[in-house]
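What follows is the content of start33.txt (compact mmCIF, C-alpha atoms).
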# COMPACT_ATOMS: atom_id res chain seq x y z
CA MET A 24 98.58 154.69 162.48
CA ILE A 25 98.34 151.08 163.61
CA ASP A 26 95.29 149.72 165.36
CA LEU A 27 95.58 146.02 166.19
CA LYS A 28 91.84 145.84 165.55
CA CYS A 29 91.02 143.60 168.42
CA GLU A 30 88.88 143.70 171.48
CA VAL A 31 90.95 144.28 174.63
CA LEU A 32 89.53 142.93 177.90
CA THR A 33 91.14 144.31 181.04
CA PRO A 34 90.15 142.24 184.08
CA ASN A 35 90.95 143.69 187.52
CA SER A 36 90.94 140.37 189.36
CA LEU A 37 92.09 136.84 188.72
CA ALA A 38 88.54 135.48 188.96
CA GLU A 39 87.40 137.93 186.28
CA ALA A 40 90.33 137.00 184.02
CA LEU A 41 89.64 133.28 184.38
CA GLN A 42 85.98 133.89 183.55
CA TYR A 43 87.00 135.73 180.36
CA LEU A 44 89.26 132.82 179.44
CA ALA A 45 86.48 130.31 180.17
CA ASN A 46 84.24 132.10 177.70
CA ASN A 47 87.05 132.35 175.22
CA ASN A 48 87.51 130.83 171.82
CA GLU A 49 90.54 129.93 169.74
CA TYR A 50 90.94 133.57 168.74
CA THR A 51 91.63 134.79 172.27
CA LYS A 52 95.17 135.53 173.43
CA ILE A 53 96.54 136.52 176.79
CA LEU A 54 98.32 139.88 176.71
CA ALA A 55 100.98 140.44 179.36
CA GLY A 56 104.03 142.57 178.50
CA GLY A 57 103.06 142.66 174.85
CA THR A 58 106.66 142.38 173.66
CA ASP A 59 105.75 139.24 171.68
CA VAL A 60 102.00 139.63 171.16
CA ILE A 61 101.95 143.25 169.97
CA VAL A 62 105.00 142.76 167.71
CA GLY A 63 103.49 139.50 166.41
CA LYS A 64 100.21 141.27 165.57
CA THR A 65 101.78 144.30 163.90
CA GLN A 66 104.20 142.12 161.90
CA GLY A 67 101.48 139.72 160.81
CA SER A 68 103.03 136.67 162.46
CA LYS A 69 100.98 133.52 161.84
CA ARG A 70 100.88 132.75 165.56
CA PHE A 71 99.08 135.99 166.38
CA ILE A 72 97.35 137.30 163.29
CA ASP A 73 94.01 135.51 163.85
CA SER A 74 93.59 136.45 167.48
CA ASN A 75 90.98 139.18 167.82
CA VAL A 76 90.40 139.23 171.57
CA LEU A 77 93.22 140.10 173.96
CA VAL A 78 92.90 139.50 177.70
CA ASP A 79 95.24 142.02 179.31
CA ILE A 80 96.45 140.58 182.65
CA ASN A 81 98.53 143.58 183.75
CA ARG A 82 96.04 144.96 186.28
CA ILE A 83 95.66 141.78 188.34
CA SER A 84 97.52 142.37 191.58
CA GLU A 85 97.18 138.69 192.65
CA ILE A 86 99.61 137.65 189.93
CA ARG A 87 102.26 140.30 190.48
CA GLY A 88 105.09 140.60 192.95
CA ILE A 89 107.62 138.36 194.67
CA GLU A 90 107.08 136.61 198.02
CA GLU A 91 109.31 134.42 200.12
CA ASN A 92 108.48 131.95 202.87
CA ASP A 93 110.44 129.17 204.63
CA CYS A 94 109.95 126.62 201.91
CA SER A 95 109.68 128.59 198.66
CA ILE A 96 109.95 131.77 196.64
CA SER A 97 106.83 132.60 194.68
CA ILE A 98 106.86 135.01 191.76
CA GLY A 99 103.64 136.36 190.26
CA ALA A 100 103.33 135.44 186.60
CA ALA A 101 102.85 139.05 185.46
CA THR A 102 105.89 140.36 187.37
CA THR A 103 108.11 142.21 184.89
CA LEU A 104 111.69 141.20 184.24
CA GLY A 105 112.70 144.68 185.42
CA GLU A 106 111.02 144.07 188.77
CA ILE A 107 112.81 140.72 188.99
CA CYS A 108 116.20 142.33 188.28
CA ASN A 109 115.66 144.90 191.05
CA ASN A 110 114.26 142.50 193.64
CA LYS A 111 116.39 141.77 196.70
CA ILE A 112 115.12 138.22 197.29
CA VAL A 113 115.88 137.29 193.67
CA GLY A 114 119.31 138.91 193.91
CA GLU A 115 120.23 136.92 197.02
CA LYS A 116 118.51 133.59 196.44
CA LEU A 117 118.19 133.29 192.67
CA PRO A 118 121.26 135.00 191.21
CA LEU A 119 121.11 133.05 187.94
CA LEU A 120 117.54 134.22 187.34
CA LYS A 121 118.58 137.79 188.04
CA LYS A 122 121.45 137.53 185.59
CA ALA A 123 119.33 135.89 182.87
CA ALA A 124 116.51 138.44 183.29
CA SER A 125 118.95 141.35 183.16
CA MET A 126 120.21 140.15 179.76
CA VAL A 127 116.79 140.07 178.09
CA GLY A 128 116.34 142.84 175.50
CA SER A 129 116.72 146.42 176.69
CA GLN A 130 115.61 148.33 179.76
CA GLN A 131 112.40 149.31 177.93
CA ILE A 132 111.65 145.68 177.07
CA ARG A 133 112.39 144.45 180.60
CA ASN A 134 110.06 147.11 182.00
CA ARG A 135 107.15 145.48 180.13
CA ALA A 136 108.06 141.84 179.47
CA THR A 137 106.89 139.40 182.12
CA ILE A 138 108.51 136.32 183.61
CA ALA A 139 105.69 133.96 182.59
CA GLY A 140 105.49 135.53 179.14
CA ASN A 141 109.07 134.45 178.55
CA PHE A 142 108.28 130.74 178.90
CA VAL A 143 104.62 130.74 177.82
CA ASN A 144 105.80 132.12 174.47
CA ASN A 145 108.54 129.45 174.74
CA ALA A 146 110.87 130.71 172.05
CA PRO A 147 114.02 128.55 171.89
CA CYS A 148 116.03 131.62 172.90
CA ALA A 149 113.95 132.57 175.99
CA ASP A 150 116.75 133.67 178.32
CA THR A 151 115.16 132.98 181.69
CA VAL A 152 114.21 129.38 180.87
CA PRO A 153 117.58 127.66 181.51
CA ALA A 154 117.95 129.58 184.78
CA LEU A 155 114.42 128.61 185.88
CA LEU A 156 115.07 124.99 184.89
CA VAL A 157 118.17 124.59 187.08
CA TYR A 158 116.18 125.99 190.01
CA ASP A 159 113.65 123.13 189.50
CA THR A 160 110.88 125.67 188.96
CA SER A 161 107.23 124.68 189.25
CA ILE A 162 104.37 126.71 187.90
CA GLU A 163 100.87 127.22 189.15
CA ILE A 164 98.19 127.15 186.44
CA LYS A 165 94.57 128.07 187.02
CA SER A 166 91.33 128.05 185.08
CA HIS A 167 87.79 128.93 186.20
CA ASN A 168 87.29 125.39 187.47
CA SER A 169 90.73 123.86 187.93
CA GLU A 170 94.13 124.41 189.43
CA ARG A 171 97.35 122.49 188.91
CA ILE A 172 101.03 122.79 189.73
CA ILE A 173 103.49 121.20 187.34
CA SER A 174 107.21 121.42 186.72
CA LEU A 175 108.37 123.94 184.14
CA GLN A 176 110.24 121.20 182.29
CA GLU A 177 106.99 119.26 181.87
CA PHE A 178 105.10 122.43 180.84
CA LEU A 179 107.43 123.15 177.92
CA LYS A 180 106.50 120.92 174.98
CA GLY A 181 108.37 122.23 171.96
CA PRO A 182 109.38 125.49 170.28
CA TYR A 183 106.49 127.94 170.90
CA GLN A 184 104.41 125.09 172.36
CA THR A 185 103.41 124.48 175.95
CA GLN A 186 100.86 122.49 177.89
CA LEU A 187 98.73 125.59 178.52
CA GLN A 188 95.09 124.97 177.63
CA LYS A 189 93.04 127.78 176.14
CA GLU A 190 91.01 128.42 179.28
CA GLU A 191 94.11 128.39 181.51
CA LEU A 192 96.41 131.09 182.86
CA VAL A 193 99.84 130.67 184.45
CA THR A 194 99.45 132.46 187.78
CA ARG A 195 102.66 131.92 189.77
CA ILE A 196 106.18 130.61 189.48
CA ILE A 197 107.31 128.60 192.49
CA ILE A 198 110.89 127.83 193.39
CA SER A 199 111.62 125.66 196.44
CA GLN A 200 114.21 126.84 198.94
CA LYS A 201 117.22 124.54 198.76
CA GLU A 202 118.61 122.73 201.79
CA GLN A 203 122.11 122.64 200.42
CA ASN A 204 124.28 125.53 199.35
CA TYR A 205 124.44 125.77 195.59
CA PHE A 206 126.83 127.78 193.48
CA GLY A 207 126.02 128.49 189.91
CA GLU A 208 126.56 130.50 186.79
CA PHE A 209 124.56 131.64 183.76
CA TYR A 210 126.09 132.39 180.39
CA LYS A 211 124.56 134.02 177.34
CA LEU A 212 126.09 134.29 173.89
CA GLY A 213 124.46 136.60 171.36
CA ARG A 214 125.75 138.27 168.19
CA ARG A 215 126.52 141.39 170.20
CA ARG A 216 126.88 142.18 173.88
CA ALA A 217 123.59 143.98 174.52
CA VAL A 218 120.00 143.78 173.26
CA ALA A 219 120.79 140.53 171.48
CA ILE A 220 118.79 137.43 170.73
CA SER A 221 120.59 134.51 172.33
CA ARG A 222 122.43 132.00 170.18
CA LEU A 223 123.43 129.98 173.20
CA THR A 224 122.55 130.05 176.87
CA LEU A 225 123.90 127.78 179.60
CA ALA A 226 122.99 127.51 183.26
CA VAL A 227 124.56 125.33 185.91
CA LEU A 228 124.06 124.92 189.67
CA ILE A 229 126.36 122.79 191.80
CA ALA A 230 126.33 121.74 195.46
CA LEU A 231 129.87 120.91 196.55
CA LYS A 232 131.26 119.30 199.70
CA GLU A 233 134.98 119.84 199.75
CA LYS A 234 135.57 118.91 196.10
CA GLN A 235 132.83 116.35 195.77
CA ILE A 236 129.82 117.14 193.59
CA LEU A 237 126.83 116.36 195.83
CA ASP A 238 124.35 117.62 193.28
CA ILE A 239 124.48 119.28 189.87
CA LYS A 240 121.81 120.79 187.63
CA ILE A 241 122.55 121.67 184.02
CA ALA A 242 120.38 123.42 181.42
CA SER A 243 120.78 125.03 178.02
CA GLY A 244 118.71 127.25 175.77
CA ALA A 245 118.75 128.66 172.22
CA VAL A 246 121.29 126.07 171.07
CA THR A 247 118.69 123.37 171.82
CA PRO A 248 115.15 123.49 170.30
CA ILE A 249 113.78 124.59 173.68
CA GLY A 250 115.32 125.17 177.09
CA THR A 251 116.19 121.76 178.46
CA ARG A 252 117.89 119.91 181.35
CA PHE A 253 120.55 117.22 180.92
CA PRO A 254 119.65 114.41 183.37
CA LYS A 255 122.10 111.85 181.94
CA LEU A 256 125.00 114.25 182.25
CA GLU A 257 123.91 115.27 185.76
CA GLU A 258 123.87 111.61 186.82
CA PHE A 259 127.33 111.14 185.34
CA ALA A 260 128.78 114.04 187.31
CA LYS A 261 127.05 113.44 190.64
CA GLY A 262 129.25 112.09 193.42
CA LYS A 263 132.48 112.66 191.49
CA ILE A 264 135.39 114.77 192.67
CA MET A 265 135.61 118.06 190.81
CA THR A 266 138.97 118.10 189.09
CA ASP A 267 140.15 119.83 185.95
CA VAL A 268 139.95 116.51 184.09
CA LEU A 269 136.36 115.99 185.23
CA CYS A 270 135.35 119.55 184.18
CA LYS A 271 136.83 118.89 180.73
CA ASN A 272 135.07 115.58 180.55
CA ILE A 273 131.67 117.00 181.53
CA ALA A 274 132.08 119.84 179.06
CA LYS A 275 132.99 117.43 176.26
CA LYS A 276 129.95 115.27 177.03
CA MET A 277 127.76 118.38 177.19
CA GLY A 278 128.72 119.20 173.58
CA GLU A 279 127.96 115.64 172.52
CA GLU A 280 124.56 115.74 174.23
CA VAL A 281 123.65 119.06 172.58
CA LEU A 282 124.68 117.61 169.21
CA GLY A 283 122.57 114.55 169.99
CA VAL A 284 119.50 116.78 170.47
CA THR A 285 120.01 119.09 167.49
CA GLY A 286 121.67 116.76 164.99
CA LEU A 287 124.55 117.96 162.83
CA ARG A 288 123.84 121.44 161.44
CA TRP A 289 125.71 123.98 159.34
CA SER A 290 126.47 125.86 162.55
CA SER A 291 127.71 122.82 164.49
CA ALA A 292 131.35 123.38 163.55
CA TYR A 293 131.16 126.65 165.46
CA LYS A 294 128.66 125.87 168.17
CA LEU A 295 130.04 122.53 169.37
CA PRO A 296 133.44 123.84 170.50
CA VAL A 297 131.83 127.02 171.86
CA VAL A 298 129.36 125.03 174.00
CA GLN A 299 132.20 122.86 175.28
CA GLN A 300 134.62 125.68 175.97
CA MET A 301 132.02 127.93 177.62
CA PHE A 302 130.67 125.13 179.75
CA TYR A 303 134.20 124.22 180.82
CA GLN A 304 134.80 127.83 181.84
CA LEU A 305 131.54 127.97 183.79
CA LEU A 306 132.52 124.83 185.71
CA LYS A 307 136.02 126.17 186.36
CA GLY A 308 134.53 129.43 187.62
CA ILE A 309 132.41 127.52 190.12
CA GLU A 310 135.33 125.24 191.12
CA ARG A 311 137.26 128.36 192.14
CA MET B 17 86.86 153.85 174.38
CA GLU B 18 87.70 156.79 176.63
CA ILE B 19 91.37 156.81 177.59
CA LYS B 20 91.99 158.93 180.68
CA PHE B 21 95.53 159.33 182.00
CA THR B 22 98.02 161.87 183.28
CA LEU B 23 100.24 163.23 180.54
CA ASN B 24 103.14 165.50 181.41
CA GLY B 25 101.48 166.42 184.68
CA LYS B 26 98.07 167.25 183.22
CA GLU B 27 94.98 165.15 182.83
CA ALA B 28 94.44 163.88 179.28
CA VAL B 29 91.31 162.31 177.81
CA VAL B 30 91.30 160.74 174.37
CA VAL B 31 88.58 158.76 172.67
CA CYS B 32 90.02 156.03 170.45
CA GLU B 33 90.12 152.30 169.80
CA PRO B 34 91.52 150.37 172.81
CA SER B 35 93.90 148.44 170.56
CA LEU B 36 95.48 151.54 169.03
CA ARG B 37 99.20 151.66 169.79
CA PHE B 38 100.11 154.29 172.36
CA ILE B 39 102.63 155.92 170.01
CA ASP B 40 99.81 156.56 167.52
CA LEU B 41 97.61 157.98 170.25
CA LEU B 42 100.39 160.43 171.14
CA ARG B 43 101.35 161.41 167.61
CA GLU B 44 98.05 161.26 165.75
CA LYS B 45 95.39 161.96 168.36
CA LEU B 46 97.33 164.44 170.50
CA SER B 47 99.76 165.77 167.87
CA LEU B 48 102.66 165.19 170.24
CA THR B 49 105.17 164.36 167.53
CA GLY B 50 108.27 164.57 169.72
CA THR B 51 107.91 160.82 170.27
CA LYS B 52 109.35 159.18 167.14
CA GLU B 53 108.65 155.86 165.49
CA GLY B 54 111.71 154.05 164.18
CA CYS B 55 111.32 150.30 163.96
CA GLY B 56 107.86 149.73 165.44
CA VAL B 57 109.01 146.44 167.00
CA GLY B 58 110.65 147.55 170.24
CA GLU B 59 114.26 147.48 169.04
CA CYS B 60 115.27 151.09 168.43
CA GLY B 61 113.88 153.01 171.40
CA ALA B 62 112.94 156.12 169.37
CA CYS B 63 109.40 155.89 170.75
CA THR B 64 110.52 155.71 174.40
CA VAL B 65 108.27 157.40 176.95
CA ILE B 66 108.21 157.15 180.73
CA MET B 67 105.17 155.34 182.04
CA ASN B 68 104.61 155.08 185.79
CA GLY B 69 108.25 155.97 186.38
CA VAL B 70 109.93 153.55 183.98
CA ALA B 71 111.06 153.81 180.35
CA VAL B 72 108.91 151.84 177.90
CA ASN B 73 108.57 151.59 174.13
CA SER B 74 105.29 153.31 173.26
CA CYS B 75 105.01 151.14 170.11
CA LEU B 76 104.55 148.12 172.42
CA VAL B 77 101.85 149.61 174.61
CA LEU B 78 98.16 149.74 173.69
CA ALA B 79 95.90 152.71 174.35
CA SER B 80 93.77 150.70 176.80
CA GLN B 81 96.88 149.92 178.87
CA VAL B 82 97.55 153.60 179.51
CA VAL B 83 94.29 154.24 181.38
CA GLY B 84 95.04 155.63 184.83
CA SER B 85 98.78 155.79 184.32
CA GLU B 86 101.23 158.65 184.55
CA VAL B 87 103.16 159.35 181.39
CA LEU B 88 106.03 161.68 180.63
CA THR B 89 106.95 162.41 177.01
CA ILE B 90 109.75 164.57 175.65
CA GLU B 91 107.30 167.48 175.50
CA GLY B 92 107.05 167.39 179.30
CA ILE B 93 110.76 167.40 180.10
CA ALA B 94 111.54 171.10 179.85
CA ASN B 95 110.25 173.59 182.41
CA GLY B 96 108.44 176.01 180.08
CA GLU B 97 111.10 177.74 177.99
CA GLU B 98 113.86 176.50 180.28
CA LEU B 99 115.41 173.32 178.91
CA HIS B 100 116.01 170.38 181.23
CA LEU B 101 119.62 169.88 182.31
CA LEU B 102 119.82 166.76 180.16
CA GLN B 103 118.64 168.67 177.10
CA LYS B 104 121.18 171.44 177.72
CA ASN B 105 123.97 168.91 178.07
CA PHE B 106 122.91 166.99 174.96
CA LEU B 107 123.23 170.27 173.01
CA GLN B 108 126.48 171.21 174.72
CA ALA B 109 128.11 167.81 174.10
CA GLY B 110 127.06 167.62 170.42
CA ALA B 111 124.88 164.62 171.25
CA VAL B 112 122.17 165.79 168.84
CA GLN B 113 122.84 165.32 165.16
CA CYS B 114 119.87 164.24 163.05
CA GLY B 115 117.84 164.32 166.26
CA PHE B 116 115.64 161.31 165.58
CA CYS B 117 116.89 159.26 168.52
CA THR B 118 117.21 162.25 170.85
CA PRO B 119 113.77 162.22 172.54
CA GLY B 120 114.17 158.53 173.37
CA MET B 121 117.78 158.98 174.49
CA VAL B 122 116.84 161.88 176.77
CA LEU B 123 113.93 159.95 178.31
CA SER B 124 115.94 156.75 178.87
CA SER B 125 118.64 158.83 180.54
CA TYR B 126 116.03 160.72 182.55
CA ALA B 127 114.54 157.44 183.83
CA LEU B 128 118.02 156.28 184.85
CA LEU B 129 118.90 159.50 186.68
CA GLN B 130 115.57 159.51 188.51
CA GLU B 131 116.45 156.14 189.96
CA ASN B 132 120.20 156.57 190.24
CA SER B 133 121.70 160.04 190.16
CA ASN B 134 125.22 158.65 190.45
CA PRO B 135 125.48 156.02 187.68
CA SER B 136 128.64 154.33 186.47
CA GLU B 137 129.49 154.38 182.76
CA GLU B 138 128.26 150.76 182.49
CA GLU B 139 124.95 151.71 184.09
CA ILE B 140 124.49 154.54 181.60
CA LYS B 141 125.30 152.20 178.70
CA ASP B 142 122.78 149.68 180.01
CA ALA B 143 120.09 152.36 180.36
CA ILE B 144 120.48 153.50 176.74
CA ALA B 145 121.28 150.09 175.21
CA GLY B 146 117.73 150.01 173.87
CA ASN B 147 118.13 153.33 172.05
CA LEU B 148 119.85 153.22 168.67
CA CYS B 149 121.72 156.24 167.29
CA ARG B 150 123.18 156.07 163.80
CA CYS B 151 124.87 159.50 163.85
CA THR B 152 126.90 160.15 166.94
CA GLY B 153 128.62 156.87 167.69
CA TYR B 154 127.21 157.30 171.21
CA LYS B 155 130.26 158.96 172.76
CA GLN B 156 128.73 162.44 172.84
CA ILE B 157 125.52 161.01 174.30
CA LEU B 158 127.44 159.27 177.07
CA ASP B 159 129.31 162.52 177.72
CA ALA B 160 126.04 164.43 178.00
CA VAL B 161 124.56 161.98 180.50
CA LYS B 162 127.79 161.87 182.54
CA GLN B 163 127.93 165.66 182.63
CA THR B 164 124.31 165.80 183.82
CA ALA B 165 125.00 163.25 186.55
CA LYS B 166 127.99 165.34 187.64
CA GLU B 167 125.91 168.50 187.84
CA LEU B 168 123.12 166.72 189.72
CA ASN B 169 125.57 165.09 192.05
CA PRO B 170 128.84 166.88 192.80
CA SER B 171 130.39 163.72 194.25
CA ALA B 172 129.61 161.68 191.11
CA LYS B 173 131.76 158.67 190.25
CA LEU B 174 132.39 159.86 186.70

Represent the supplied structure as structure tokens.
Amino acid sequence: MIDLKCEVLTPNSLAEALQYLANNNEYTKILAGGTDVIVGKTQGSKRFIDSNVLVDINRISEIRGIEENDCSISIGAATTLGEICNNKIVGEKLPLLKKAASMVGSQQIRNRATIAGNFVNNAPCADTVPALLVYDTSIEIKSHNSERIISLQEFLKGPYQTQLQKEELVTRIIISQKEQNYFGEFYKLGRRRAVAISRLTLAVLIALKEKQILDIKIASGAVTPIGTRFPKLEEFAKGKIMTDVLCKNIAKKMGEEVLGVTGLRWSSAYKLPVVQQMFYQLLKGIER
Amino acid sequence: MEIKFTLNGKEAVVVCEPSLRFIDLLREKLSLTGTKEGCGVGECGACTVIMNGVAVNSCLVLASQVVGSEVLTIEGIANGEELHLLQKNFLQAGAVQCGFCTPGMVLSSYALLQENSNPSEEEIKDAIAGNLCRCTGYKQILDAVKQTAKELNPSAKL
């Protein structure tokens, strides 16, 4: 019989949750889906073992659900990945996010795990991060006496590290509606096809006019220390005509950039050509 | 803490620590040992139960999180002595060998069929991807779920 031996606070409103966090100490953790926190506690992970107060945010309706208006799509932080996979707005407007979310863990995990939990935990392999990054996602963060909106890229500091302060809670994920038409693709490589921890994730969004690349957004995960965008490569590709030679060239540079971030590792001999080949195929898929 | 919820259609009240895992509440406090613990980290699906209509790993849910919810465990699947169609088909197809994964497999399949009575083979595989079976090789389990879908839905795809 396993008791996590901690106090569990279950606020029913956002104001109540923020008050709990304001009174909190370094031993307080936010509990959302529990797929990291509960496992971390039962397995004695250093990141979780000392926390003895959990603030369960599952009953706060203000931070659940998906809304759309003319300028943006707003997703409540505690919306589960399962809800995201089944949502019509996400399916139509954010297909890469739908695909990434549908590849996280199993049905049972997706029915608990939350969208914000995926990037607040900020594991290198967090599947939804590259998809959120290419959509230029912003996040709304609140505390009892403050409120800020920052870009997801800025929020993510390093593996398992974010800008979140101890009295703060991520409340919503905001994605602006795009003026142009973008086409994109998300790719995940794990050691098996289902219920796998990612070894490599890639996301790309492209706005094309005829064959000219008007805009391009590129992100990777798992193969880089955290999910990250590639601004230099995006600049290189922008404005160019999408030909087979260009796709090969971008893919080759992508591999070099990834290697530049990670340095040469024992796995590079495998990962470098895989990154390049997969990225090439993603670009070709979009070209068609 | 008093944990009040609906379990297999009846009201249940348990007094326990709020941070007790739900699987332990079921097995140790209520003696409902049909729900199995395999890995305890959300990988194997042996502890699957249906909570508010969706399949979840009960090893990743805390007692306090169950308050007010509706839960279905393997003990609530049959109608008295009459086995559920899924259970009958699991037996018929030879989908039960050691039996350890069976409660989780049946509940994951049940959750799928509740939502989609006409699933494709890929949809069935996705629904039970989080349930590991080390005996059957999965084929018999797939057969059992397909057969159930067929019986529920005469115009099934499969």

Which residues are close to B:Val70, i.e. within 12 Å by all atoms listed in the file, leaving aside same-chain residues fewer than 3 positions away? Reply as a ChimeraX atom specification.
/A:103,105-106,130-135 /B:64-67,73-74,85-89,123-131,143

Pull out every residue of chain A sitting within 7 Å of chain B, counting only C-alpha atoms, and send them as a PDB file with C-alpha atoms, in the coordinates of the input.
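The file below, part_1.pdb, is the result:
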ATOM      1  CA  MET A  24      98.580 154.690 162.480  1.00  0.00           C
ATOM      2  CA  ILE A  25      98.340 151.080 163.610  1.00  0.00           C
ATOM      3  CA  ASP A  26      95.290 149.720 165.360  1.00  0.00           C
ATOM      4  CA  LEU A  27      95.580 146.020 166.190  1.00  0.00           C
ATOM      5  CA  LYS A  28      91.840 145.840 165.550  1.00  0.00           C
ATOM      6  CA  CYS A  29      91.020 143.600 168.420  1.00  0.00           C
ATOM      7  CA  GLU A  30      88.880 143.700 171.480  1.00  0.00           C
ATOM      8  CA  VAL A  31      90.950 144.280 174.630  1.00  0.00           C
ATOM      9  CA  GLY A  57     103.060 142.660 174.850  1.00  0.00           C
ATOM     10  CA  THR A  58     106.660 142.380 173.660  1.00  0.00           C
ATOM     11  CA  ILE A  61     101.950 143.250 169.970  1.00  0.00           C
ATOM     12  CA  VAL A  62     105.000 142.760 167.710  1.00  0.00           C
ATOM     13  CA  SER A 129     116.720 146.420 176.690  1.00  0.00           C
ATOM     14  CA  GLN A 130     115.610 148.330 179.760  1.00  0.00           C
ATOM     15  CA  GLN A 131     112.400 149.310 177.930  1.00  0.00           C
ATOM     16  CA  ILE A 132     111.650 145.680 177.070  1.00  0.00           C
ATOM     17  CA  ASN A 134     110.060 147.110 182.000  1.00  0.00           C
ATOM     18  CA  ARG A 135     107.150 145.480 180.130  1.00  0.00           C
ATOM     19  CA  ALA A 217     123.590 143.980 174.520  1.00  0.00           C
ATOM     20  CA  VAL A 218     120.000 143.780 173.260  1.00  0.00           C
TER      21      VAL A 218
END

As JSON, please report the centre and edge lengths, rounded to one decimal in Å, of the axis-aligned box that holds all listed atoms of stretch 55-67 of chain B with 3 Å of padding on each of the six sides.
{"center_x": 110.2, "center_y": 151.9, "center_z": 173.0, "size_x": 16.1, "size_y": 17.0, "size_z": 24.1}

Distance in Å - atom CA of A:Ile249 versus atom CA of A:Cys148:
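So the answer is 7.4 Å.
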
For B:Glu18, the nearest of the candidates B:Ala62, B:Val83, B:Leu48, B:Ala111, counting all atoms listed in the file:
B:Val83

Length of the atom CA of B:Glu53 to atom CA of B:Met17 vector [Å]:
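Distance between the two atoms: 23.6 Å.
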
Stretch 144-161 of chain B rebuilt with N, CA and C atoms, output as a PDB file, keeping the file's coordinate frame:
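Contents of selection26.pdb, freshly written:
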ATOM      1  N   ILE B 144     120.765 153.048 178.112  1.00  0.00           N
ATOM      2  CA  ILE B 144     120.480 153.500 176.740  1.00  0.00           C
ATOM      3  C   ILE B 144     120.773 152.428 175.688  1.00  0.00           C
ATOM      4  N   ALA B 145     121.000 151.187 176.159  1.00  0.00           N
ATOM      5  CA  ALA B 145     121.280 150.090 175.210  1.00  0.00           C
ATOM      6  C   ALA B 145     120.109 149.875 174.261  1.00  0.00           C
ATOM      7  N   GLY B 146     118.908 150.201 174.716  1.00  0.00           N
ATOM      8  CA  GLY B 146     117.730 150.010 173.870  1.00  0.00           C
ATOM      9  C   GLY B 146     117.395 151.226 173.025  1.00  0.00           C
ATOM     10  N   ASN B 147     118.343 152.151 172.885  1.00  0.00           N
ATOM     11  CA  ASN B 147     118.130 153.330 172.050  1.00  0.00           C
ATOM     12  C   ASN B 147     119.234 153.377 170.993  1.00  0.00           C
ATOM     13  N   LEU B 148     118.840 153.226 169.739  1.00  0.00           N
ATOM     14  CA  LEU B 148     119.850 153.220 168.670  1.00  0.00           C
ATOM     15  C   LEU B 148     120.076 154.635 168.147  1.00  0.00           C
ATOM     16  N   CYS B 149     121.361 154.973 167.926  1.00  0.00           N
ATOM     17  CA  CYS B 149     121.720 156.240 167.290  1.00  0.00           C
ATOM     18  C   CYS B 149     122.651 155.902 166.138  1.00  0.00           C
ATOM     19  N   ARG B 150     122.329 156.381 164.952  1.00  0.00           N
ATOM     20  CA  ARG B 150     123.180 156.070 163.800  1.00  0.00           C
ATOM     21  C   ARG B 150     124.091 157.243 163.427  1.00  0.00           C
ATOM     22  N   CYS B 151     124.032 158.346 164.194  1.00  0.00           N
ATOM     23  CA  CYS B 151     124.870 159.500 163.850  1.00  0.00           C
ATOM     24  C   CYS B 151     126.093 159.622 164.748  1.00  0.00           C
ATOM     25  N   THR B 152     125.854 159.644 166.045  1.00  0.00           N
ATOM     26  CA  THR B 152     126.900 160.150 166.940  1.00  0.00           C
ATOM     27  C   THR B 152     127.986 159.132 167.289  1.00  0.00           C
ATOM     28  N   GLY B 153     127.672 157.853 167.177  1.00  0.00           N
ATOM     29  CA  GLY B 153     128.620 156.870 167.690  1.00  0.00           C
ATOM     30  C   GLY B 153     128.554 156.774 169.212  1.00  0.00           C
ATOM     31  N   TYR B 154     127.557 157.413 169.788  1.00  0.00           N
ATOM     32  CA  TYR B 154     127.210 157.300 171.210  1.00  0.00           C
ATOM     33  C   TYR B 154     128.106 158.071 172.183  1.00  0.00           C
ATOM     34  N   LYS B 155     129.341 158.372 171.785  1.00  0.00           N
ATOM     35  CA  LYS B 155     130.260 158.960 172.760  1.00  0.00           C
ATOM     36  C   LYS B 155     129.709 160.275 173.316  1.00  0.00           C
ATOM     37  N   GLN B 156     129.235 161.132 172.414  1.00  0.00           N
ATOM     38  CA  GLN B 156     128.730 162.440 172.840  1.00  0.00           C
ATOM     39  C   GLN B 156     127.513 162.283 173.760  1.00  0.00           C
ATOM     40  N   ILE B 157     126.708 161.243 173.467  1.00  0.00           N
ATOM     41  CA  ILE B 157     125.520 161.010 174.300  1.00  0.00           C
ATOM     42  C   ILE B 157     125.950 160.596 175.714  1.00  0.00           C
ATOM     43  N   LEU B 158     126.914 159.681 175.768  1.00  0.00           N
ATOM     44  CA  LEU B 158     127.440 159.270 177.070  1.00  0.00           C
ATOM     45  C   LEU B 158     127.996 160.477 177.827  1.00  0.00           C
ATOM     46  N   ASP B 159     128.744 161.316 177.095  1.00  0.00           N
ATOM     47  CA  ASP B 159     129.310 162.520 177.720  1.00  0.00           C
ATOM     48  C   ASP B 159     128.212 163.402 178.310  1.00  0.00           C
ATOM     49  N   ALA B 160     127.128 163.555 177.544  1.00  0.00           N
ATOM     50  CA  ALA B 160     126.040 164.430 178.000  1.00  0.00           C
ATOM     51  C   ALA B 160     125.396 163.884 179.271  1.00  0.00           C
ATOM     52  N   VAL B 161     125.199 162.571 179.318  1.00  0.00           N
ATOM     53  CA  VAL B 161     124.560 161.980 180.500  1.00  0.00           C
ATOM     54  C   VAL B 161     125.501 162.061 181.701  1.00  0.00           C
TER      55      VAL B 161
END
